[in-house]
>>> print(open('my_file02.csv').read())   # CSV, C-alpha atoms
chain,number,residue,atom,x,y,z
A,219,MET,CA,10.8,-19.4,20.5
A,220,ARG,CA,14.5,-19.7,21.3
A,221,LEU,CA,16.7,-16.6,21.4
A,222,GLU,CA,18.6,-17.5,18.3
A,223,ASP,CA,15.4,-18.1,16.3
A,224,VAL,CA,14.0,-14.7,17.2
A,225,ALA,CA,16.9,-12.9,15.5
A,226,ARG,CA,16.3,-14.9,12.3
A,227,GLN,CA,12.8,-13.6,11.9
A,228,LEU,CA,12.2,-11.2,9.0
A,229,THR,CA,9.2,-9.3,10.3
A,230,THR,CA,6.3,-9.5,12.7
A,231,PRO,CA,3.8,-10.8,13.8
A,232,LEU,CA,6.0,-13.8,14.6
A,233,ASN,CA,3.2,-16.4,13.9
A,234,SER,CA,1.9,-14.6,10.8
A,235,PRO,CA,4.5,-12.4,9.1
A,236,ALA,CA,3.3,-9.3,7.3
A,237,TYR,CA,5.1,-10.5,4.1
A,238,PRO,CA,7.1,-13.6,3.1
A,239,SER,CA,10.9,-14.1,2.9
A,240,THR,CA,11.3,-14.5,-0.9
A,241,GLN,CA,12.6,-12.8,-4.0
A,242,TYR,CA,9.9,-10.7,-5.4
A,243,ARG,CA,9.3,-11.4,-9.1
A,244,PHE,CA,6.9,-9.2,-11.0
A,245,THR,CA,5.1,-10.7,-14.1
A,246,ASN,CA,3.2,-8.4,-16.5
A,247,ARG,CA,4.0,-5.3,-14.4
A,248,GLU,CA,2.3,-2.5,-16.2
A,249,TYR,CA,3.3,1.2,-16.1
A,250,LEU,CA,1.6,4.5,-17.0
A,251,SER,CA,4.3,7.1,-16.6
A,252,ILE,CA,4.0,10.8,-17.2
A,253,THR,CA,7.0,13.1,-17.0
A,254,TYR,CA,6.2,16.8,-16.6
A,255,ARG,CA,7.9,20.2,-16.1
A,256,THR,CA,7.2,21.8,-12.7
A,257,ASP,CA,8.5,24.5,-10.3
A,258,LEU,CA,12.3,24.1,-9.7
A,259,LYS,CA,12.2,26.0,-6.4
A,260,VAL,CA,9.6,23.5,-5.0
A,261,LEU,CA,11.7,20.6,-6.1
A,262,ARG,CA,14.8,21.9,-4.3
A,263,ARG,CA,12.8,22.3,-1.1
A,264,VAL,CA,11.8,18.6,-0.9
A,265,VAL,CA,14.9,16.9,-2.3
A,266,PRO,CA,17.5,16.0,0.4
A,267,GLU,CA,21.2,16.8,0.0
A,268,PRO,CA,23.6,15.4,-1.2
A,269,LEU,CA,21.2,15.0,-4.2
A,270,THR,CA,20.9,18.0,-6.4
A,271,VAL,CA,18.2,19.2,-8.7
A,272,THR,CA,19.3,20.8,-12.0
A,273,VAL,CA,16.2,20.3,-14.2
A,274,PRO,CA,12.5,21.1,-13.2
A,275,LEU,CA,11.2,17.6,-14.0
A,276,ALA,CA,9.0,15.3,-12.0
A,277,ARG,CA,7.3,12.0,-12.9
A,278,PHE,CA,3.9,10.6,-11.9
A,279,GLU,CA,3.5,6.9,-12.3
A,280,ILE,CA,0.7,4.4,-11.8
A,281,THR,CA,1.9,0.8,-11.7
A,282,ARG,CA,-0.4,-2.2,-11.9
A,283,MET,CA,1.1,-5.5,-10.6
A,284,PRO,CA,-1.2,-8.4,-11.3
A,285,ASP,CA,1.2,-11.2,-10.4
A,286,VAL,CA,3.9,-10.8,-7.7
A,287,THR,CA,5.5,-13.8,-6.0
A,288,GLY,CA,4.6,-13.6,-2.3
A,289,LEU,CA,2.6,-10.5,-2.5
A,290,GLY,CA,-0.2,-11.4,-5.0
A,291,THR,CA,-1.7,-8.5,-6.8
A,292,TYR,CA,-1.7,-4.7,-6.1
A,293,THR,CA,-1.4,-1.3,-7.6
A,294,GLU,CA,0.7,1.7,-6.6
A,295,ALA,CA,1.1,5.4,-7.6
A,296,ALA,CA,4.5,7.1,-7.3
A,297,HIS,CA,5.9,10.6,-7.5
A,298,HIS,CA,9.5,10.9,-8.6
A,299,ILE,CA,11.9,13.8,-9.1
A,300,SER,CA,14.8,14.0,-11.5
A,301,VAL,CA,18.1,14.4,-9.6
A,302,GLU,CA,21.9,14.0,-9.8
A,303,HIS,CA,24.2,12.4,-7.4
A,304,GLN,CA,28.0,12.5,-8.0
A,305,ASP,CA,27.4,13.2,-11.7
A,306,GLU,CA,25.0,10.3,-12.0
A,307,LEU,CA,21.5,11.1,-13.3
A,308,GLY,CA,18.6,9.4,-11.4
A,309,GLU,CA,15.3,10.0,-9.6
A,310,PHE,CA,14.4,10.7,-6.0
A,311,SER,CA,11.3,8.7,-4.9
A,312,LEU,CA,9.3,11.3,-3.0
A,313,ALA,CA,6.1,9.3,-2.2
A,314,VAL,CA,4.4,6.0,-3.2
A,315,TYR,CA,0.8,5.3,-2.5
A,316,VAL,CA,-0.2,1.6,-2.3
A,317,ASP,CA,-3.4,-0.5,-1.9
A,318,SER,CA,-1.7,-3.5,-0.2
A,319,VAL,CA,-0.5,-3.8,3.4
A,320,PRO,CA,2.1,-6.6,2.6
A,321,ALA,CA,3.5,-4.4,-0.2
A,322,ILE,CA,3.7,-1.3,2.0
A,323,SER,CA,5.3,-3.3,4.9
A,324,SER,CA,7.9,-5.1,2.8
A,325,GLY,CA,8.7,-1.9,0.7
A,326,ARG,CA,9.4,0.1,3.8
A,327,GLU,CA,11.1,-2.5,6.0
A,328,LEU,CA,13.2,-4.4,3.4
A,329,SER,CA,14.1,-1.4,1.4
A,330,ALA,CA,13.4,2.3,1.7
A,331,TYR,CA,10.4,2.9,-0.5
A,332,PRO,CA,8.3,5.8,0.9
A,333,LYS,CA,5.1,3.9,0.8
A,334,LYS,CA,1.8,4.8,2.5
A,335,SER,CA,-1.8,3.7,2.0
A,336,GLY,CA,-3.8,5.0,-1.0
A,337,SER,CA,-6.2,3.8,-3.7
A,338,PRO,CA,-4.6,3.9,-7.1
A,339,ARG,CA,-6.2,2.4,-10.3
A,340,LEU,CA,-5.0,1.7,-13.8
A,341,TYR,CA,-7.6,0.8,-16.4
A,342,LEU,CA,-8.8,1.3,-20.0
A,343,ASP,CA,-11.7,3.6,-20.7
A,344,SER,CA,-12.7,3.2,-24.3
A,345,ASP,CA,-9.6,4.5,-26.3
A,346,THR,CA,-7.9,6.0,-23.2
A,347,LEU,CA,-5.6,4.6,-20.7
A,348,VAL,CA,-6.5,6.1,-17.3
A,349,GLY,CA,-4.6,6.2,-14.0
A,350,THR,CA,-6.2,7.6,-10.9
A,351,LEU,CA,-5.1,8.0,-7.2
A,352,ASP,CA,-7.6,8.5,-4.4
A,353,TYR,CA,-6.5,9.3,-0.8
A,354,GLY,CA,-9.4,8.3,1.4
A,355,SER,CA,-12.5,9.3,-0.5
A,356,LEU,CA,-10.9,12.2,-2.4
A,357,ARG,CA,-9.3,12.2,-5.8
A,358,VAL,CA,-5.7,13.5,-5.8
A,359,ALA,CA,-4.5,12.6,-9.3
A,360,THR,CA,-5.9,11.7,-12.7
A,361,ALA,CA,-3.6,10.7,-15.6
A,362,THR,CA,-4.8,10.0,-19.1
A,363,MET,CA,-3.0,8.8,-22.3
A,364,GLY,CA,-4.1,7.8,-25.7
A,365,TYR,CA,-4.0,4.0,-25.8
A,366,LYS,CA,-1.2,2.5,-27.9
A,367,HIS,CA,-1.0,5.5,-30.3
A,368,HIS,CA,2.7,5.1,-31.2
A,369,PRO,CA,5.2,2.3,-30.5
A,370,MET,CA,8.1,3.2,-28.2
A,371,ASP,CA,11.6,1.8,-28.9
A,372,LEU,CA,12.0,-1.1,-26.4
A,373,GLU,CA,15.6,0.0,-25.5
A,374,GLU,CA,14.3,3.5,-24.8
A,375,ALA,CA,11.6,2.1,-22.6
A,376,ARG,CA,14.2,-0.1,-20.8
A,377,ALA,CA,16.5,2.9,-20.2
A,378,HIS,CA,13.5,4.9,-18.8
A,379,LEU,CA,12.8,2.2,-16.2
A,380,CYS,CA,16.4,1.4,-15.3
A,381,VAL,CA,17.5,4.8,-14.1
A,382,PRO,CA,18.9,4.8,-10.5
A,383,THR,CA,16.3,5.5,-7.8
A,384,PHE,CA,17.3,7.3,-4.6
A,385,MET,CA,15.3,7.0,-1.4
A,386,LEU,CA,15.4,8.2,2.2
A,387,LYS,CA,15.4,5.5,4.9
A,388,THR,CA,14.5,6.7,8.3
A,389,VAL,CA,13.9,4.7,11.5
A,390,PRO,CA,13.6,6.4,14.9
A,391,HIS,CA,14.7,5.2,18.3
A,392,TYR,CA,11.9,4.6,20.9
A,393,ASP,CA,12.5,8.1,22.3
A,394,GLY,CA,11.9,9.6,18.9
A,395,SER,CA,15.5,10.5,18.1
A,396,PRO,CA,16.9,9.2,14.7
A,397,ARG,CA,18.3,5.6,14.8
A,398,ILE,CA,18.7,5.2,11.0
A,399,CYS,CA,18.8,8.1,8.5
A,400,GLU,CA,20.3,7.1,5.2
A,401,LEU,CA,20.1,7.9,1.5
A,402,VAL,CA,20.0,4.7,-0.5
A,403,ARG,CA,20.2,3.8,-4.1
A,404,THR,CA,18.6,1.0,-6.2
A,405,ARG,CA,18.4,0.2,-9.8
A,406,ILE,CA,16.4,-2.4,-11.8
A,407,THR,CA,18.8,-4.6,-13.8
A,408,ASP,CA,16.7,-7.8,-14.3
A,409,LEU,CA,14.1,-6.5,-16.7
A,410,THR,CA,12.3,-7.7,-19.8
A,411,VAL,CA,10.3,-5.1,-21.7
A,412,LYS,CA,7.3,-6.9,-23.4
A,413,SER,CA,5.7,-3.9,-25.0
A,414,ALA,CA,6.0,-0.1,-24.9
A,415,PHE,CA,3.8,2.7,-26.4
A,416,THR,CA,3.6,6.5,-26.2
A,417,GLY,CA,0.8,9.0,-27.0
A,418,PRO,CA,-0.9,12.2,-26.0
A,419,ALA,CA,-1.2,12.6,-22.3
A,420,ARG,CA,-2.5,14.8,-19.6
A,421,LEU,CA,-2.1,15.0,-15.8
A,422,GLN,CA,-4.3,16.6,-13.2
A,423,LEU,CA,-3.1,16.9,-9.5
A,424,PHE,CA,-5.5,18.1,-6.8
A,425,ALA,CA,-4.6,19.8,-3.5
A,426,HIS,CA,-4.7,17.6,-0.4
A,427,ALA,CA,-3.0,18.2,3.0
A,428,LEU,CA,-1.8,14.6,3.4
A,429,ALA,CA,-1.2,13.6,-0.2
A,430,PRO,CA,0.4,16.8,-1.5
A,431,LEU,CA,1.1,15.8,-5.1
A,432,ALA,CA,-0.3,19.2,-6.3
A,433,ASP,CA,2.6,20.9,-4.5
A,434,LEU,CA,4.6,20.0,-7.6
A,435,PRO,CA,2.4,21.7,-10.1
A,436,VAL,CA,2.0,20.5,-13.7
A,437,LEU,CA,3.3,23.2,-16.0
A,438,GLU,CA,3.9,21.1,-19.1
A,439,VAL,CA,3.6,17.4,-20.0
A,440,VAL,CA,7.0,16.4,-21.5
A,441,SER,CA,6.5,12.7,-22.2
A,442,ALA,CA,4.4,9.7,-21.5
A,443,GLY,CA,4.8,5.9,-21.7
A,444,HIS,CA,2.7,2.8,-21.3
A,445,ILE,CA,5.1,-0.1,-20.7
A,446,LEU,CA,4.5,-3.8,-19.9
A,447,THR,CA,7.4,-5.7,-18.2
A,448,ASP,CA,8.6,-8.7,-16.3
A,449,LEU,CA,11.2,-7.8,-13.6
A,450,THR,CA,12.9,-8.5,-10.3
A,451,LEU,CA,13.7,-5.6,-8.0
A,452,SER,CA,17.3,-5.1,-6.9
A,453,PRO,CA,18.4,-4.6,-3.3
A,454,ALA,CA,19.1,-1.0,-2.1
A,455,GLN,CA,22.6,0.2,-1.1
A,456,VAL,CA,23.5,3.0,1.2
A,457,VAL,CA,25.2,6.0,-0.5
A,458,HIS,CA,25.0,8.5,2.4
A,459,ASP,CA,24.7,8.0,6.2
A,460,TYR,CA,23.3,11.3,7.6
A,461,LEU,CA,24.2,10.2,11.2
A,462,GLY,CA,27.6,8.8,10.5
A,463,ASP,CA,29.0,11.1,7.8
>>> encode(input="my_file02.csv", output="structure tokens")
Amino acid sequence: MRLEDVARQLTTPLNSPAYPSTQYRFTNREYLSITYRTDLKVLRRVVPEPLTVTVPLARFEITRMPDVTGLGTYTEAAHHISVEHQDELGEFSLAVYVDSVPAISSGRELSAYPKKSGSPRLYLDSDTLVGTLDYGSLRVATATMGYKHHPMDLEEARAHLCVPTFMLKTVPHYDGSPRICELVRTRITDLTVKSAFTGPARLQLFAHALAPLADLPVLEVVSAGHILTDLTLSPAQVVHDYLGD
């Protein structure tokens, strides 16, 4: 491979890339999302400046993606925290657990999604929508919601999914020192909400050393949503360079 061709490669291995060079379009992307009140002091310990935490709210989310261009099918679970940045309300993505190597690789390399391996599931159990997350052989989260109890306003659902998301991008030098350390922002803009419902919901988080969701304890469930969408992810933009600012 010629020198100029090497620099054009998106990822490795060179003869079988971990993910394709394409625009990722999600069809029938399905969310179970539970927002809950938690410990404000704990949130402030894990949210990086210049983001600020003013309300004690976190959100656990299971997302089922049955049809993604280039990536096929996978499921992920995410833990988000309500934040502000320069008077803009948004969420900080603390952790995302995914059952697909291509989705983990592309999410971390092309953007800044804090993805690591896990085994999330989203399924219907009789009259209950169930989302679970296992780390290894251990259960670390169980979310339940009454199935399609009450319609949600589609614009409300759209606003719920289109809040800005902030993420931390870190890449080390080979000696272990920081090479890239940035706060980035992304926001979904190309979104079609196909259906949206709410209902009674509960969330259980279980202590685990390497999947510490329970460090953000569930004090009160505030809201829940079951939303079906088609969407395209937007690219991330740097809002703060920790090494340069």
>>> closest_residue(input="my_file02.csv", among="A:Leu434, A:Arg405, A:Gly349, A:Ala236", to="A:Val265", atoms="only C-alpha atoms")
A:Leu434
>>> atom_distance(input="my_file02.csv", atom1="atom CA of A:Tyr341", atom2="atom CA of A:Ala296")
16.4 Å
>>> residues_around(input="my_file02.csv", residues="A:Ile406", least_positions_apart="5", cutoff="6 Å", atoms="only C-alpha atoms", output="ChimeraX atom specification")
/A:380,451-452
>>> write_last_selection(input="my_file02.csv", atoms="C-alpha atoms", output="PDB file, in the coordinates of the input")
ATOM      1  CA  CYS A 380      16.400   1.400 -15.300  1.00  0.00           C
ATOM      2  CA  LEU A 451      13.700  -5.600  -8.000  1.00  0.00           C
ATOM      3  CA  SER A 452      17.300  -5.100  -6.900  1.00  0.00           C
TER       4      SER A 452
END
>>> closest_residue(input="my_file02.csv", among="A:Arg277, A:His426, A:His391, A:Arg263", to="A:Ser355", atoms="all atoms listed in the file")
A:His426
>>> closest_residue(input="my_file02.csv", among="A:Leu446, A:Leu307, A:Leu437, A:Met363", to="A:Leu258", atoms="only C-alpha atoms")
A:Leu437
>>> residues_near_point(input="my_file02.csv", point="(24.5, 9.3, 3.9)", cutoff="10 Å", atoms="only C-alpha atoms", output="list in words")
Glu267, Pro268, Leu386, Lys387, Cys399, Glu400, Leu401, Val402, Val456, Val457, His458, Asp459, Tyr460, Leu461, Gly462 and Asp463 of chain A
>>> axis_aligned_box(input="my_file02.csv", around="stretch 282-301 of chain A", padding_each_side="6 Å", output="AutoDock Vina command-line options")
--center_x 8.2 --center_y 0.3 --center_z -7.1 --size_x 31.8 --size_y 40.2 --size_z 21.6
>>> residues_near_point(input="my_file02.csv", point="(5.5, 2.2, 1.3)", cutoff="12 Å", atoms="only C-alpha atoms", output="PDB file with C-alpha atoms, in the frame of the given file")
ATOM      1  CA  THR A 293      -1.400  -1.300  -7.600  1.00  0.00           C
ATOM      2  CA  GLU A 294       0.700   1.700  -6.600  1.00  0.00           C
ATOM      3  CA  ALA A 295       1.100   5.400  -7.600  1.00  0.00           C
ATOM      4  CA  ALA A 296       4.500   7.100  -7.300  1.00  0.00           C
ATOM      5  CA  SER A 311      11.300   8.700  -4.900  1.00  0.00           C
ATOM      6  CA  LEU A 312       9.300  11.300  -3.000  1.00  0.00           C
ATOM      7  CA  ALA A 313       6.100   9.300  -2.200  1.00  0.00           C
ATOM      8  CA  VAL A 314       4.400   6.000  -3.200  1.00  0.00           C
ATOM      9  CA  TYR A 315       0.800   5.300  -2.500  1.00  0.00           C
ATOM     10  CA  VAL A 316      -0.200   1.600  -2.300  1.00  0.00           C
ATOM     11  CA  ASP A 317      -3.400  -0.500  -1.900  1.00  0.00           C
ATOM     12  CA  SER A 318      -1.700  -3.500  -0.200  1.00  0.00           C
ATOM     13  CA  VAL A 319      -0.500  -3.800   3.400  1.00  0.00           C
ATOM     14  CA  PRO A 320       2.100  -6.600   2.600  1.00  0.00           C
ATOM     15  CA  ALA A 321       3.500  -4.400  -0.200  1.00  0.00           C
ATOM     16  CA  ILE A 322       3.700  -1.300   2.000  1.00  0.00           C
ATOM     17  CA  SER A 323       5.300  -3.300   4.900  1.00  0.00           C
ATOM     18  CA  SER A 324       7.900  -5.100   2.800  1.00  0.00           C
ATOM     19  CA  GLY A 325       8.700  -1.900   0.700  1.00  0.00           C
ATOM     20  CA  ARG A 326       9.400   0.100   3.800  1.00  0.00           C
ATOM     21  CA  GLU A 327      11.100  -2.500   6.000  1.00  0.00           C
ATOM     22  CA  LEU A 328      13.200  -4.400   3.400  1.00  0.00           C
ATOM     23  CA  SER A 329      14.100  -1.400   1.400  1.00  0.00           C
ATOM     24  CA  ALA A 330      13.400   2.300   1.700  1.00  0.00           C
ATOM     25  CA  TYR A 331      10.400   2.900  -0.500  1.00  0.00           C
ATOM     26  CA  PRO A 332       8.300   5.800   0.900  1.00  0.00           C
ATOM     27  CA  LYS A 333       5.100   3.900   0.800  1.00  0.00           C
ATOM     28  CA  LYS A 334       1.800   4.800   2.500  1.00  0.00           C
ATOM     29  CA  SER A 335      -1.800   3.700   2.000  1.00  0.00           C
ATOM     30  CA  GLY A 336      -3.800   5.000  -1.000  1.00  0.00           C
ATOM     31  CA  MET A 385      15.300   7.000  -1.400  1.00  0.00           C
ATOM     32  CA  LEU A 386      15.400   8.200   2.200  1.00  0.00           C
ATOM     33  CA  LYS A 387      15.400   5.500   4.900  1.00  0.00           C
TER      34      LYS A 387
END
>>> atom_distance(input="my_file02.csv", atom1="atom CA of A:Glu373", atom2="atom CA of A:Thr253")
17.8 Å
>>> closest_residue(input="my_file02.csv", among="A:Pro430, A:Pro274, A:Gly364, A:Gly308", to="A:Ser344", atoms="only C-alpha atoms")
A:Gly364
>>> atom_distance(input="my_file02.csv", atom1="atom CA of A:Thr287", atom2="atom CA of A:Gln227")
19.3 Å
>>> closest_atom_pairs(input="my_file02.csv", of="stretch 298-376 of chain A", to="stretch 408-416 of chain A", cutoff="7 Å", atoms="all atoms listed in the file", output="CSV")
residue,atom,partner,partner_atom,distance
A:Lys366,CA,A:Phe415,CA,5.2
A:His367,CA,A:Thr416,CA,6.2
A:His368,CA,A:Thr416,CA,5.3
A:Pro369,CA,A:Phe415,CA,4.4
A:Met370,CA,A:Phe415,CA,4.7
A:Leu372,CA,A:Ala414,CA,6.3
A:Ala375,CA,A:Ala414,CA,6.4
A:Arg376,CA,A:Val411,CA,6.4
>>> closest_residue(input="my_file02.csv", among="A:Thr230, A:Thr245, A:Thr360, A:Thr256", to="A:Arg282", atoms="all atoms listed in the file")
A:Thr245
>>> closest_residue(input="my_file02.csv", among="A:Asp448, A:Asp352, A:Glu248, A:Glu222", to="A:Ile280", atoms="all atoms listed in the file")
A:Glu248
>>> residues_around(input="my_file02.csv", residues="A:Pro238", least_positions_apart="3", cutoff="8 Å", atoms="only C-alpha atoms", output="list in words")
Pro235, Gly288 and Leu289 of chain A
>>> decode(input="my_file02.csv", residues="stretch 411-422 of chain A", atoms="all heavy atoms", output="mmCIF file, in the first residue's frame")
data_model
loop_
_atom_site.group_PDB
_atom_site.id
_atom_site.type_symbol
_atom_site.label_atom_id
_atom_site.label_comp_id
_atom_site.auth_asym_id
_atom_site.auth_seq_id
_atom_site.Cartn_x
_atom_site.Cartn_y
_atom_site.Cartn_z
ATOM 1 N N VAL A 411 -39.992 10.623 14.449
ATOM 2 C CA VAL A 411 -40.590 9.866 15.545
ATOM 3 C C VAL A 411 -41.811 9.133 14.998
ATOM 4 O O VAL A 411 -42.759 9.751 14.519
ATOM 5 C CB VAL A 411 -40.988 10.782 16.712
ATOM 6 C CG1 VAL A 411 -41.659 9.965 17.816
ATOM 7 C CG2 VAL A 411 -39.769 11.508 17.265
ATOM 8 N N LYS A 412 -41.785 7.813 15.055
ATOM 9 C CA LYS A 412 -42.856 6.991 14.479
ATOM 10 C C LYS A 412 -43.934 6.640 15.501
ATOM 11 O O LYS A 412 -45.104 6.486 15.146
ATOM 12 C CB LYS A 412 -42.245 5.723 13.876
ATOM 13 C CG LYS A 412 -41.156 6.036 12.850
ATOM 14 C CD LYS A 412 -40.385 4.815 12.420
ATOM 15 C CE LYS A 412 -41.010 4.146 11.229
ATOM 16 N NZ LYS A 412 -40.105 3.118 10.630
ATOM 17 N N SER A 413 -43.544 6.489 16.749
ATOM 18 C CA SER A 413 -44.516 6.273 17.823
ATOM 19 C C SER A 413 -43.845 6.593 19.142
ATOM 20 O O SER A 413 -42.614 6.534 19.258
ATOM 21 C CB SER A 413 -45.043 4.835 17.831
ATOM 22 O OG SER A 413 -44.027 3.917 18.201
ATOM 23 N N ALA A 414 -44.659 6.945 20.149
ATOM 24 C CA ALA A 414 -44.114 7.291 21.460
ATOM 25 C C ALA A 414 -45.182 7.056 22.522
ATOM 26 O O ALA A 414 -46.336 7.469 22.369
ATOM 27 C CB ALA A 414 -43.648 8.745 21.493
ATOM 28 N N PHE A 415 -44.776 6.383 23.599
ATOM 29 C CA PHE A 415 -45.691 6.072 24.693
ATOM 30 C C PHE A 415 -44.975 6.260 26.026
ATOM 31 O O PHE A 415 -43.751 6.220 26.110
ATOM 32 C CB PHE A 415 -46.189 4.627 24.591
ATOM 33 C CG PHE A 415 -47.096 4.374 23.424
ATOM 34 C CD1 PHE A 415 -46.565 4.039 22.190
ATOM 35 C CD2 PHE A 415 -48.466 4.494 23.554
ATOM 36 C CE1 PHE A 415 -47.399 3.814 21.099
ATOM 37 C CE2 PHE A 415 -49.311 4.273 22.474
ATOM 38 C CZ PHE A 415 -48.774 3.930 21.240
ATOM 39 N N THR A 416 -45.784 6.464 27.065
ATOM 40 C CA THR A 416 -45.269 6.505 28.420
ATOM 41 C C THR A 416 -46.120 5.588 29.289
ATOM 42 O O THR A 416 -47.150 5.074 28.846
ATOM 43 C CB THR A 416 -45.254 7.938 28.971
ATOM 44 O OG1 THR A 416 -44.582 7.956 30.231
ATOM 45 C CG2 THR A 416 -46.668 8.491 29.113
ATOM 46 N N GLY A 417 -45.666 5.386 30.517
ATOM 47 C CA GLY A 417 -46.379 4.501 31.413
ATOM 48 C C GLY A 417 -45.635 4.358 32.722
ATOM 49 O O GLY A 417 -44.551 4.936 32.903
ATOM 50 N N PRO A 418 -46.185 3.584 33.661
ATOM 51 C CA PRO A 418 -45.485 3.359 34.925
ATOM 52 C C PRO A 418 -44.173 2.636 34.678
ATOM 53 O O PRO A 418 -44.079 1.765 33.813
ATOM 54 C CB PRO A 418 -46.470 2.484 35.715
ATOM 55 C CG PRO A 418 -47.308 1.814 34.674
ATOM 56 C CD PRO A 418 -47.436 2.801 33.544
ATOM 57 N N ALA A 419 -43.149 3.016 35.435
ATOM 58 C CA ALA A 419 -41.819 2.452 35.195
ATOM 59 C C ALA A 419 -41.067 2.289 36.504
ATOM 60 O O ALA A 419 -41.310 3.007 37.479
ATOM 61 C CB ALA A 419 -41.027 3.344 34.248
ATOM 62 N N ARG A 420 -40.152 1.330 36.496
ATOM 63 C CA ARG A 420 -39.248 1.108 37.627
ATOM 64 C C ARG A 420 -37.858 0.818 37.083
ATOM 65 O O ARG A 420 -37.704 0.317 35.961
ATOM 66 C CB ARG A 420 -39.708 -0.067 38.489
ATOM 67 C CG ARG A 420 -41.073 0.119 39.139
ATOM 68 C CD ARG A 420 -41.058 1.220 40.187
ATOM 69 N NE ARG A 420 -42.341 1.303 40.888
ATOM 70 C CZ ARG A 420 -43.365 2.043 40.487
ATOM 71 N NH1 ARG A 420 -43.256 2.757 39.362
ATOM 72 N NH2 ARG A 420 -44.483 2.083 41.189
ATOM 73 N N LEU A 421 -36.841 1.115 37.908
ATOM 74 C CA LEU A 421 -35.454 0.887 37.510
ATOM 75 C C LEU A 421 -34.675 0.363 38.702
ATOM 76 O O LEU A 421 -34.699 0.948 39.787
ATOM 77 C CB LEU A 421 -34.822 2.192 37.006
ATOM 78 C CG LEU A 421 -33.342 2.153 36.651
ATOM 79 C CD1 LEU A 421 -33.080 1.175 35.499
ATOM 80 C CD2 LEU A 421 -32.840 3.547 36.284
ATOM 81 N N GLN A 422 -33.986 -0.770 38.503
ATOM 82 C CA GLN A 422 -33.104 -1.351 39.509
ATOM 83 C C GLN A 422 -31.670 -1.344 38.965
ATOM 84 O O GLN A 422 -31.437 -1.788 37.840
ATOM 85 C CB GLN A 422 -33.499 -2.788 39.827
ATOM 86 C CG GLN A 422 -34.840 -2.958 40.507
ATOM 87 C CD GLN A 422 -35.174 -4.431 40.666
ATOM 88 O OE1 GLN A 422 -35.520 -5.105 39.704
ATOM 89 N NE2 GLN A 422 -35.058 -4.935 41.891
#
